Every structure is written in structure tokens, then in C-alpha cells.
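The file protein-v1.cif contains mmCIF, C-alpha atoms; chains and numbers go by the auth columns:
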data_start
loop_
_atom_site.group_PDB
_atom_site.id
_atom_site.type_symbol
_atom_site.label_atom_id
_atom_site.label_comp_id
_atom_site.label_asym_id
_atom_site.label_seq_id
_atom_site.Cartn_x
_atom_site.Cartn_y
_atom_site.Cartn_z
_atom_site.B_iso_or_equiv
_atom_site.auth_seq_id
_atom_site.auth_asym_id
ATOM 1 C CA MET A 1 20.119 11.223 4.626 0.00 224 F
ATOM 2 C CA THR A 2 17.817 8.842 6.499 0.00 225 F
ATOM 3 C CA ASP A 3 15.073 11.469 6.795 0.00 226 F
ATOM 4 C CA ALA A 4 15.169 12.009 3.031 0.00 227 F
ATOM 5 C CA ARG A 5 14.645 8.281 2.504 0.00 228 F
ATOM 6 C CA PHE A 6 11.667 8.300 4.843 0.00 229 F
ATOM 7 C CA ARG A 7 10.169 11.276 3.002 0.00 230 F
ATOM 8 C CA GLN A 8 10.684 9.469 -0.305 0.00 231 F
ATOM 9 C CA ALA A 9 9.108 6.314 1.117 0.00 232 F
ATOM 10 C CA ALA A 10 6.191 8.384 2.423 0.00 233 F
ATOM 11 C CA GLY A 11 5.634 9.948 -0.997 0.00 234 F
ATOM 12 C CA THR A 12 5.847 6.585 -2.723 0.00 235 F
ATOM 13 C CA TYR A 13 3.426 5.036 -0.239 0.00 236 F
ATOM 14 C CA PHE A 14 1.013 7.925 -0.778 0.00 237 F
ATOM 15 C CA VAL A 15 1.012 7.296 -4.542 0.00 238 F
ATOM 16 C CA TYR A 16 0.634 3.537 -3.918 0.00 239 F
ATOM 17 C CA GLY A 17 -2.222 4.129 -1.475 0.00 240 F
ATOM 18 C CA VAL A 18 -4.086 6.462 -3.817 0.00 241 F
ATOM 19 C CA ILE A 19 -3.668 4.109 -6.789 0.00 242 F
ATOM 20 C CA TYR A 20 -4.937 1.141 -4.786 0.00 243 F
ATOM 21 C CA TRP A 21 -7.737 3.200 -3.267 0.00 244 F
ATOM 22 C CA VAL A 22 -8.937 4.501 -6.659 0.00 245 F
ATOM 23 C CA THR A 23 -8.676 1.020 -8.192 0.00 246 F
ATOM 24 C CA ALA A 24 -10.695 -0.523 -5.368 0.00 247 F
ATOM 25 C CA LEU A 25 -13.283 2.234 -5.653 0.00 248 F
ATOM 26 C CA TYR A 26 -13.575 1.732 -9.408 0.00 249 F
ATOM 27 C CA LEU A 27 -13.911 -2.044 -9.047 0.00 250 F
ATOM 28 C CA GLN A 28 -16.510 -1.731 -6.330 0.00 251 F
ATOM 29 C CA LEU A 29 -18.617 0.739 -8.290 0.00 252 F
ATOM 30 C CA HIS A 30 -18.268 -0.778 -11.783 0.00 253 F
ATOM 31 C CA VAL A 31 -17.301 -4.453 -11.468 0.00 254 F
ATOM 32 C CA PHE A 32 -18.556 -5.861 -8.161 0.00 255 F
ATOM 33 C CA ARG A 33 -21.867 -5.204 -6.524 0.00 256 F
ATOM 34 C CA VAL A 34 -21.668 -2.848 -3.576 0.00 257 F
ATOM 35 C CA ARG A 35 -21.711 -4.690 -0.236 0.00 258 F
ATOM 36 C CA GLY A 36 -21.782 -3.221 3.227 0.00 259 F
ATOM 37 C CA SER A 37 -21.070 0.372 3.950 0.00 260 F
ATOM 38 C CA LEU A 38 -19.106 1.658 0.981 0.00 261 F
ATOM 39 C CA LEU A 39 -18.485 4.986 2.654 0.00 262 F
ATOM 40 C CA LEU A 40 -17.000 3.351 5.760 0.00 263 F
ATOM 41 C CA TRP A 41 -14.587 1.081 3.860 0.00 264 F
ATOM 42 C CA PHE A 42 -13.404 3.733 1.459 0.00 265 F
ATOM 43 C CA GLY A 43 -13.074 6.246 4.287 0.00 266 F
ATOM 44 C CA ILE A 44 -10.770 3.793 6.053 0.00 267 F
ATOM 45 C CA GLY A 45 -8.833 3.292 2.799 0.00 268 F
ATOM 46 C CA ALA A 46 -8.400 7.037 2.371 0.00 269 F
ATOM 47 C CA LEU A 47 -7.238 7.364 5.973 0.00 270 F
ATOM 48 C CA ILE A 48 -4.593 4.694 5.385 0.00 271 F
ATOM 49 C CA ALA A 49 -3.480 6.273 2.092 0.00 272 F
ATOM 50 C CA VAL A 50 -2.924 9.603 3.871 0.00 273 F
ATOM 51 C CA GLY A 51 -2.112 8.469 7.426 0.00 274 F
ATOM 52 C CA VAL A 52 0.715 6.047 6.695 0.00 275 F
ATOM 53 C CA PRO A 53 2.748 8.607 4.706 0.00 276 F
ATOM 54 C CA TRP A 54 2.089 11.192 7.409 0.00 277 F
ATOM 55 C CA LEU A 55 3.574 8.806 10.002 0.00 278 F
ATOM 56 C CA LEU A 56 6.564 7.991 7.790 0.00 279 F
ATOM 57 C CA ALA A 57 7.439 11.508 6.652 0.00 280 F
ATOM 58 C CA ARG A 58 8.910 12.628 9.974 0.00 281 F
ATOM 59 C CA ARG A 59 9.343 11.423 13.515 0.00 282 F
ATOM 60 C CA ARG A 60 6.211 11.527 15.663 0.00 283 F
ATOM 61 C CA ALA A 61 7.172 11.282 19.349 0.00 284 F
ATOM 62 C CA TRP A 62 3.810 9.922 20.488 0.00 285 F
ATOM 63 C CA PHE A 63 3.844 7.241 17.760 0.00 286 F
ATOM 64 C CA GLU A 64 7.413 6.183 18.429 0.00 287 F
ATOM 65 C CA ARG A 65 6.825 6.076 22.158 0.00 288 F
ATOM 66 C CA TRP A 66 3.527 4.193 22.217 0.00 289 F
ATOM 67 C CA VAL A 67 3.367 2.216 18.976 0.00 290 F
ATOM 68 C CA LEU A 68 6.502 1.589 16.851 0.00 291 F
ATOM 69 C CA ASN A 69 9.562 3.489 15.891 0.00 292 F
ATOM 70 C CA ARG A 70 9.579 4.753 12.329 0.00 293 F
ATOM 71 C CA ARG A 71 12.204 2.261 11.154 0.00 294 F
ATOM 72 C CA ASP A 72 10.259 -0.763 12.414 0.00 295 F
ATOM 73 C CA PHE A 73 7.037 0.645 10.971 0.00 296 F
ATOM 74 C CA ALA A 74 8.723 1.027 7.554 0.00 297 F
ATOM 75 C CA ARG A 75 10.154 -2.505 7.785 0.00 298 F
ATOM 76 C CA ILE A 76 6.773 -4.061 8.604 0.00 299 F
ATOM 77 C CA LEU A 77 5.120 -2.116 5.791 0.00 300 F
ATOM 78 C CA ALA A 78 7.888 -3.144 3.369 0.00 301 F
ATOM 79 C CA VAL A 79 7.245 -6.826 4.073 0.00 302 F
ATOM 80 C CA LEU A 80 3.449 -6.455 3.843 0.00 303 F
ATOM 81 C CA VAL A 81 3.612 -4.492 0.596 0.00 304 F
ATOM 82 C CA ALA A 82 6.138 -6.967 -0.872 0.00 305 F
ATOM 83 C CA VAL A 83 3.760 -9.829 -0.053 0.00 306 F
ATOM 84 C CA ARG A 84 0.992 -7.833 -1.729 0.00 307 F
ATOM 85 C CA ALA A 85 3.179 -7.437 -4.833 0.00 308 F
ATOM 86 C CA VAL A 86 3.779 -11.197 -4.986 0.00 309 F
ATOM 87 C CA LEU A 87 0.083 -12.012 -4.546 0.00 310 F
ATOM 88 C CA VAL A 88 -0.973 -9.567 -7.251 0.00 311 F
ATOM 89 C CA ALA A 89 1.778 -10.879 -9.565 0.00 312 F
ATOM 90 C CA ARG A 90 0.350 -14.377 -9.005 0.00 313 F
ATOM 91 C CA ILE A 91 -3.016 -13.084 -10.179 0.00 314 F
ATOM 92 C CA ALA A 92 -1.323 -11.623 -13.269 0.00 315 F
ATOM 93 C CA ILE A 93 0.399 -14.941 -14.052 0.00 316 F
ATOM 94 C CA ARG A 94 -2.614 -17.157 -13.484 0.00 317 F
ATOM 95 C CA GLY A 95 -5.142 -14.682 -14.792 0.00 318 F
ATOM 96 C CA PRO A 96 -7.684 -12.755 -12.744 0.00 319 F
ATOM 97 C CA GLU A 97 -10.341 -15.422 -13.260 0.00 320 F
ATOM 98 C CA SER A 98 -8.186 -17.979 -11.384 0.00 321 F
ATOM 99 C CA MET A 99 -8.628 -16.230 -8.066 0.00 322 F
ATOM 100 C CA PRO A 100 -11.801 -15.252 -6.285 0.00 323 F
ATOM 101 C CA MET A 101 -12.149 -11.503 -6.469 0.00 324 F
ATOM 102 C CA PRO A 102 -12.098 -9.655 -3.153 0.00 325 F
ATOM 103 C CA GLY A 103 -14.936 -7.835 -1.481 0.00 326 F
ATOM 104 C CA VAL A 104 -15.036 -4.180 -0.578 0.00 327 F
ATOM 105 C CA GLY A 105 -11.741 -2.342 -0.931 0.00 328 F
ATOM 106 C CA GLY A 106 -9.724 -5.269 -2.304 0.00 329 F
ATOM 107 C CA GLY A 107 -8.056 -3.275 -5.058 0.00 330 F
ATOM 108 C CA VAL A 108 -7.230 -6.149 -7.425 0.00 331 F
ATOM 109 C CA PRO A 109 -7.563 -5.356 -11.144 0.00 332 F
ATOM 110 C CA THR A 110 -9.651 -7.567 -13.389 0.00 333 F
ATOM 111 C CA THR A 111 -7.094 -7.940 -16.225 0.00 334 F
ATOM 112 C CA ALA A 112 -3.612 -9.443 -16.291 0.00 335 F
ATOM 113 C CA ALA A 113 -2.123 -6.162 -17.551 0.00 336 F
ATOM 114 C CA GLY A 114 -3.792 -4.272 -14.710 0.00 337 F
ATOM 115 C CA ALA A 115 -2.550 -6.842 -12.220 0.00 338 F
ATOM 116 C CA TRP A 116 1.025 -6.494 -13.541 0.00 339 F
ATOM 117 C CA ALA A 117 0.818 -2.714 -13.236 0.00 340 F
ATOM 118 C CA MET A 118 -0.454 -2.990 -9.651 0.00 341 F
ATOM 119 C CA ALA A 119 2.272 -5.534 -8.807 0.00 342 F
ATOM 120 C CA VAL A 120 4.970 -3.183 -10.122 0.00 343 F
ATOM 121 C CA VAL A 121 3.553 -0.261 -8.113 0.00 344 F
ATOM 122 C CA ALA A 122 3.537 -2.423 -4.980 0.00 345 F
ATOM 123 C CA LEU A 123 7.081 -3.683 -5.632 0.00 346 F
ATOM 124 C CA VAL A 124 8.479 -0.161 -6.100 0.00 347 F
ATOM 125 C CA THR A 125 6.738 0.904 -2.891 0.00 348 F
ATOM 126 C CA ALA A 126 8.144 -2.089 -0.998 0.00 349 F
ATOM 127 C CA VAL A 127 11.661 -1.255 -2.205 0.00 350 F
ATOM 128 C CA MET A 128 11.350 2.387 -1.110 0.00 351 F
ATOM 129 C CA LEU A 129 10.002 1.328 2.305 0.00 352 F
ATOM 130 C CA ALA A 130 12.801 -1.230 2.740 0.00 353 F
ATOM 131 C CA ARG A 131 15.370 1.358 1.704 0.00 354 F
ATOM 132 C CA ALA A 132 14.139 3.678 4.458 0.00 355 F
ATOM 133 C CA GLY A 133 13.577 0.980 7.065 0.00 356 F
ATOM 134 C CA TRP A 134 16.946 -0.686 6.712 0.00 357 F
ATOM 135 C CA ALA A 135 19.025 2.425 6.008 0.00 358 F
ATOM 136 C CA ARG A 136 21.858 3.234 8.365 0.00 359 F
ATOM 137 C CA GLU A 137 21.143 5.950 10.875 0.00 360 F
ATOM 138 C CA GLY A 138 22.659 9.161 9.596 0.00 361 F
ATOM 139 C CA PRO A 139 23.547 12.473 11.237 0.00 362 F
#

Structure encoded using C-alpha cells:
Amino acid sequence: MTDARFRQAAGTYFVYGVIYWVTALYLQLHVFRVRGSLLLWFGIGALIAVGVPWLLARRRAWFERWVLNRRDFARILAVLVAVRAVLVARIAIRGPESMPMPGVGGGVPTTAAGAWAMAVVALVTAVMLARAGWAREGP
């Protein structure tokens, strides 16, 4: 049962990562002027969008031995993504013009409706990560 929750969390994080990555790419190309090495930043974003789910989907002995176990990794991600959801919801409440827009790869929409949609995506992802990270160990 626990492995299924991790696979679900991995799939949800993948969708979250791709949505944020595409949004950041769109904003950088159409809203903000391009700064720095666009290819480098968006390459890193793509790596995160694919790499995090890959680490969550099943146990990786080298990762669990040298970095974090999968449960702790999911818990840390759940907290970080939940904070992201709150920050983006704040932008939606106050309006995008109330907050300085981020630089490369920030992934914050320029409308309140877009910010609400991004906050909901982040919240659902945080819930799925928390569900996996704090689930009881099963057989």
C-alpha cells in the first residue's frame, strides 16, 4: 500500500513539475525579459520535474543510503510544496501586481485566476506527498 502512495505522489509531482516548468517557460519568453542562461535554468527545471518523481516512485538504495530515505524526502517536499501553495495563494489574494515577479524559472502566473490554479495544483501535490511521507509502513 505504501509503494502505491509513493507512485501516486511521484505521478502528481511530475504533473506539478511540468505545469510549473511550462508556466515559468511561458512567463520568461512572453512576459519577462530573458536574463541569464535560459537553457541552463530550464534544463535544471526539467531535471527536477523528472528527477524528483523518479526518486519517489520506488526505493533507490544509493539515494536512501547516502542522501535521505524516501519517506523523509517526501515529507520535506510536502512541506516545501505546501509553503509554495500558500505563497502563490497570497499572490492570488493580493493580486499579482502586489508582489515583485520572480526572475528566471519562478513560475508565478500574472493573473489572480492563474495564481489560484497554480496554488491548487501545489496544494494537491503537497497532500499527495504528505500522504506518502506520513503513511504507515505496509507489508

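Running the PyMOL selection byres ((chain F and resi 268-272) around 8) on this file leaves Tyr236, Phe237, Tyr239, Gly240, Val241, Trp244, Trp264, Phe265, Gly266, Ile267, Val273, Gly274, Val275, Pro276 and Gly328 of chain F selected.
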
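Atom CA of F:Phe286 lies 29.0 Å from atom CA of F:Leu261.
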
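One finds atom CA of F:Val350 at 21.3 Å from atom CA of F:Thr246.
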
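Across F:Ala233, F:Ile242, F:Ala308, F:Ala358, the tightest approach to F:Arg282 is made by F:Ala233 when counting all atoms listed in the file.
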
Give me the residues near stretch 310-316 of chain F as a PyMOL selection string, where near means some atom within 6 Å (using all atoms listed in the file) and where sequence neighbours in that chain fewer than 2 positions away do not count. chain F and resi 307-308+318-319+335+338-339+342
